[in-house]
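All remarks here apply to the structure that follows.
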Amino acid sequence: GGRRWRGGAGGRMAFRIGSGAAKCFSAGAEMRNEEALVAGAAAPARRTTTPYVTGSSVLGIKCSDGVVIAADTLASYGSMAKFRKISRLHEVSSTCVVGASGEYSDFQELKRTLDAVMMEQYCRDDGHHMTPSAIHQYLTRVMYGRRNKVDPLWNSVVLAGYHDNVATLGLVDLFGTNFESEVIATGYGLHMGLPLLRKAYREDLTVAEAKVIMEDILRVLFYRDARSTNSIQIAAVSASGVEISDIIELETKWDYQRFIVGARNADVSTW
């Protein structure tokens, strides 16, 4: 009889206690939610201070018949080669393309912003369109505005455009610093790619020649930059419009004598 009492009464008690516990748990959860909302409202605004998924170098060079920019397709999660087939080039209009190094999610936000501006112009249909120089200046205002809010887009953006037989090649960084030049490089390419671009540049350089130069320099960066890959994309802007290549796999060579025996010859580097 005692066992039946404990089983039946215990079951009923468990049910009653369970219902009360559920109500208490629900009330407690609501209180915690309210406390969290109050604490969140009182807390200072938080900003991105460290990029997580990043791309490395972007290269650009002016040509006599257009502009060429190029980048590899790796997005690194810290030091991990996480995303190997990511495009860091984006067609903004029929006369303009951008490429970015730095935080990839911020580049996605920048692409959405630019696409919204282009869509607005398309909907107006008034015959007026932003030139590459105007888009460059717009990017400058966007990046500088975010910097003033202490919430920058962690990118260095290279813009290439060709309009009315005039080539535009410019850069904007996360502070809003901007300039135009005949050759531009970001990331690790600023140190090892820019000297090679300056050496290769000529006023009569063609787009076809520039594409070969880009492949050679990105191959050098692949050898030396741990955050790069041999999968690349090249974008050309000319009178015929914007052309972004499919992913190109660069051929590499690792049996250079210095690579193999450099350290054994008392050379601590791999040069």
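By convention here, the chains of the structure tokens are called A, B, ... in the order presented, each chain's residues are numbered starting at 1, and ligands are numbered starting at 1 in the order presented.
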Exercise: stretch 239-243 of chain A partners within 12 Å, only C-alpha atoms, chain neighbours under 5 positions left out, as number ranges by chain: A: 63-70, 89-98, 160-167, 207, 211, 233-234
Picked from stretch 89-268 of chain A by DSSP as helix (DSSP H, G or I), as a PyMOL selection string: chain A and resi 104-124+132-148+189-192+194-200+207-224+257-261+263-265
Residue nearest A:Lys82 among A:Thr140, A:Asn148, A:Thr54, A:Thr252 (counting only C-alpha atoms): A:Thr54
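Close contacts of A:His191, defined as residues with an atom at most 12 Å away when counting only C-alpha atoms, with chain neighbours fewer than 3 positions off set aside, comprise Ser57, Val58, Leu59, Ile184, Ala185, Thr186, Gly187, Tyr188, Leu194, Pro195, Leu196, Leu197, Arg198, Ile217, Val220, Leu221, Arg224 and Asp225 of chain A.
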For A:Asp173, find every residue with an atom within 8 Å (counting only C-alpha atoms), except residues of its own chain fewer than 5 positions away, and show them as a JSON list (two decimals) with N, CA, C and O atoms, in the first residue's frame.
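Writing the result to selection.json gives the following:
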[["chain", "number", "residue", "atom", "x", "y", "z"],
["A", 143, "MET", "N", 33.68, 55.29, -47.02],
["A", 143, "MET", "CA", 34.73, 54.79, -46.12],
["A", 143, "MET", "C", 35.09, 55.82, -45.06],
["A", 143, "MET", "O", 35.28, 55.48, -43.88],
["A", 154, "TRP", "N", 36.73, 47.33, -42.97],
["A", 154, "TRP", "CA", 38.17, 46.99, -42.93],
["A", 154, "TRP", "C", 38.64, 46.48, -44.28],
["A", 154, "TRP", "O", 38.95, 45.30, -44.45],
["A", 155, "ASN", "N", 38.71, 47.40, -45.24],
["A", 155, "ASN", "CA", 39.11, 47.04, -46.59],
["A", 155, "ASN", "C", 40.02, 48.10, -47.18],
["A", 155, "ASN", "O", 39.95, 49.27, -46.81],
["A", 156, "SER", "N", 40.84, 47.66, -48.10],
["A", 156, "SER", "CA", 41.49, 48.55, -49.06],
["A", 156, "SER", "C", 40.90, 48.20, -50.42],
["A", 156, "SER", "O", 41.02, 47.06, -50.88],
["A", 157, "VAL", "N", 40.25, 49.17, -51.03],
["A", 157, "VAL", "CA", 39.49, 48.92, -52.25],
["A", 157, "VAL", "C", 40.21, 49.52, -53.45],
["A", 157, "VAL", "O", 40.57, 50.70, -53.44],
["A", 178, "ASN", "N", 42.45, 58.32, -50.18],
["A", 178, "ASN", "CA", 42.23, 57.92, -51.56],
["A", 178, "ASN", "C", 43.23, 58.61, -52.48],
["A", 178, "ASN", "O", 43.70, 59.71, -52.20]]
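Nearest to A:Lys62 of all the residues A:Asp255, A:Glu180, A:Asp216, A:Glu249 is A:Glu180, based on only C-alpha atoms.
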Between A:Ile232, A:Met130, A:Val150, A:Ala81, which has the minimum distance to A:Ile247 (counting only C-alpha atoms)? A:Ile232
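Residue nearest A:Phe83, chosen from A:Leu139, A:Pro132, A:Ser231, A:Arg146 and counting only C-alpha atoms: A:Ser231.
For the atom pair formed by atom CA of A:Phe179 and atom CA of A:Arg147, the distance is 17.1 Å, given to one decimal.
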Considering only C-alpha atoms, return as a PyMOL selection string whatever protein or nucleic-acid residues lie within 12 Å of A:Tyr77, sequence-local ones (same chain, fewer than 5 positions apart) excluded. chain A and resi 50-56+82-84+102-105+227
Residues as selected, all heavy atoms, written as a short mmCIF file (atom, residue, chain, number, x, y, z; two decimals), in the first residue's frame, can you do that?
data_model
loop_
_atom_site.label_atom_id
_atom_site.label_comp_id
_atom_site.auth_asym_id
_atom_site.auth_seq_id
_atom_site.Cartn_x
_atom_site.Cartn_y
_atom_site.Cartn_z
N THR A 50 38.81 43.79 -35.10
CA THR A 50 39.74 42.84 -35.70
C THR A 50 39.07 42.13 -36.86
O THR A 50 38.01 41.52 -36.68
CB THR A 50 40.20 41.78 -34.68
OG1 THR A 50 40.79 42.43 -33.56
CG2 THR A 50 41.23 40.84 -35.31
N PRO A 51 39.64 42.20 -38.07
CA PRO A 51 39.10 41.41 -39.18
C PRO A 51 39.33 39.92 -38.95
O PRO A 51 40.37 39.53 -38.40
CB PRO A 51 39.90 41.91 -40.39
CG PRO A 51 40.69 43.07 -39.94
CD PRO A 51 40.79 43.01 -38.46
N TYR A 52 38.37 39.10 -39.36
CA TYR A 52 38.49 37.66 -39.15
C TYR A 52 38.73 36.89 -40.44
O TYR A 52 39.69 36.13 -40.54
CB TYR A 52 37.22 37.13 -38.47
CG TYR A 52 37.16 37.45 -36.99
CD1 TYR A 52 36.55 38.60 -36.53
CD2 TYR A 52 37.74 36.60 -36.06
CE1 TYR A 52 36.50 38.89 -35.18
CE2 TYR A 52 37.71 36.88 -34.70
CZ TYR A 52 37.09 38.03 -34.26
OH TYR A 52 37.05 38.33 -32.92
N VAL A 53 37.87 37.07 -41.43
CA VAL A 53 38.03 36.38 -42.71
C VAL A 53 38.56 37.41 -43.71
O VAL A 53 37.84 38.35 -44.08
CB VAL A 53 36.71 35.78 -43.19
CG1 VAL A 53 36.89 35.10 -44.55
CG2 VAL A 53 36.17 34.78 -42.17
N THR A 54 39.79 37.25 -44.12
CA THR A 54 40.46 38.32 -44.88
C THR A 54 41.04 37.81 -46.20
O THR A 54 41.41 36.64 -46.33
CB THR A 54 41.61 38.93 -44.06
OG1 THR A 54 42.56 37.90 -43.72
CG2 THR A 54 41.08 39.56 -42.79
N GLY A 55 41.11 38.73 -47.15
CA GLY A 55 41.79 38.49 -48.42
C GLY A 55 43.06 39.31 -48.47
O GLY A 55 43.17 40.34 -47.81
N SER A 56 44.01 38.86 -49.26
CA SER A 56 45.32 39.53 -49.32
C SER A 56 45.37 40.52 -50.48
O SER A 56 44.48 41.33 -50.64
CB SER A 56 46.42 38.47 -49.42
OG SER A 56 47.69 39.06 -49.28
N LYS A 82 40.95 29.07 -45.35
CA LYS A 82 39.61 28.52 -45.15
C LYS A 82 38.81 28.44 -46.45
O LYS A 82 38.27 27.41 -46.81
CB LYS A 82 38.87 29.38 -44.11
CG LYS A 82 37.47 28.91 -43.78
CD LYS A 82 37.46 27.63 -42.99
CE LYS A 82 36.06 27.28 -42.51
NZ LYS A 82 36.01 26.01 -41.78
N PHE A 83 38.69 29.57 -47.15
CA PHE A 83 37.85 29.63 -48.35
C PHE A 83 38.75 29.87 -49.56
O PHE A 83 39.31 30.95 -49.71
CB PHE A 83 36.81 30.74 -48.22
CG PHE A 83 35.98 30.63 -46.95
CD1 PHE A 83 36.25 31.46 -45.88
CD2 PHE A 83 34.98 29.69 -46.85
CE1 PHE A 83 35.50 31.37 -44.71
CE2 PHE A 83 34.23 29.59 -45.69
CZ PHE A 83 34.49 30.42 -44.62
N ARG A 84 38.85 28.88 -50.43
CA ARG A 84 39.88 28.91 -51.48
C ARG A 84 39.37 29.40 -52.84
O ARG A 84 40.17 29.62 -53.74
CB ARG A 84 40.50 27.52 -51.64
CG ARG A 84 41.19 27.02 -50.37
CD ARG A 84 41.66 25.58 -50.52
NE ARG A 84 42.30 25.11 -49.31
CZ ARG A 84 43.60 25.18 -49.07
NH1 ARG A 84 44.40 25.72 -49.98
NH2 ARG A 84 44.11 24.72 -47.96
N GLY A 102 41.34 42.66 -47.31
CA GLY A 102 40.82 42.91 -45.97
C GLY A 102 39.63 42.02 -45.65
O GLY A 102 39.44 40.96 -46.27
N GLU A 103 38.81 42.47 -44.69
CA GLU A 103 37.67 41.69 -44.19
C GLU A 103 36.64 41.42 -45.29
O GLU A 103 36.09 42.35 -45.87
CB GLU A 103 37.02 42.43 -43.02
CG GLU A 103 35.73 41.83 -42.53
CD GLU A 103 35.89 40.42 -42.01
OE1 GLU A 103 36.82 40.17 -41.22
OE2 GLU A 103 35.08 39.57 -42.41
N TYR A 104 36.37 40.13 -45.54
CA TYR A 104 35.50 39.79 -46.67
C TYR A 104 34.05 40.17 -46.41
O TYR A 104 33.34 40.59 -47.33
CB TYR A 104 35.60 38.29 -46.98
CG TYR A 104 34.92 37.94 -48.28
CD1 TYR A 104 35.51 38.28 -49.50
CD2 TYR A 104 33.69 37.30 -48.29
CE1 TYR A 104 34.90 37.97 -50.70
CE2 TYR A 104 33.06 37.00 -49.49
CZ TYR A 104 33.67 37.34 -50.68
OH TYR A 104 33.05 37.06 -51.87
N SER A 105 33.57 40.04 -45.18
CA SER A 105 32.18 40.42 -44.90
C SER A 105 31.96 41.91 -45.09
O SER A 105 30.89 42.34 -45.54
CB SER A 105 31.79 40.01 -43.48
OG SER A 105 32.56 40.70 -42.52
N ARG A 227 49.32 34.10 -47.01
CA ARG A 227 47.88 34.31 -47.08
C ARG A 227 47.39 34.44 -48.51
O ARG A 227 46.41 35.11 -48.78
CB ARG A 227 47.49 35.56 -46.27
CG ARG A 227 47.93 35.54 -44.84
CD ARG A 227 47.22 34.47 -44.00
NE ARG A 227 47.77 34.43 -42.66
CZ ARG A 227 48.72 33.60 -42.25
NH1 ARG A 227 49.21 32.70 -43.11
NH2 ARG A 227 49.17 33.63 -41.02
#
Going by DSSP on the backbone, which bits of stretch 58-242 of chain A are strand (DSSP E)? Write them as a ChimeraX atom specification, please. /A:58-63,66-72,75-77,80-83,89-93,96-103,155-163,166-172,178-180,183-185,231-238,241-242
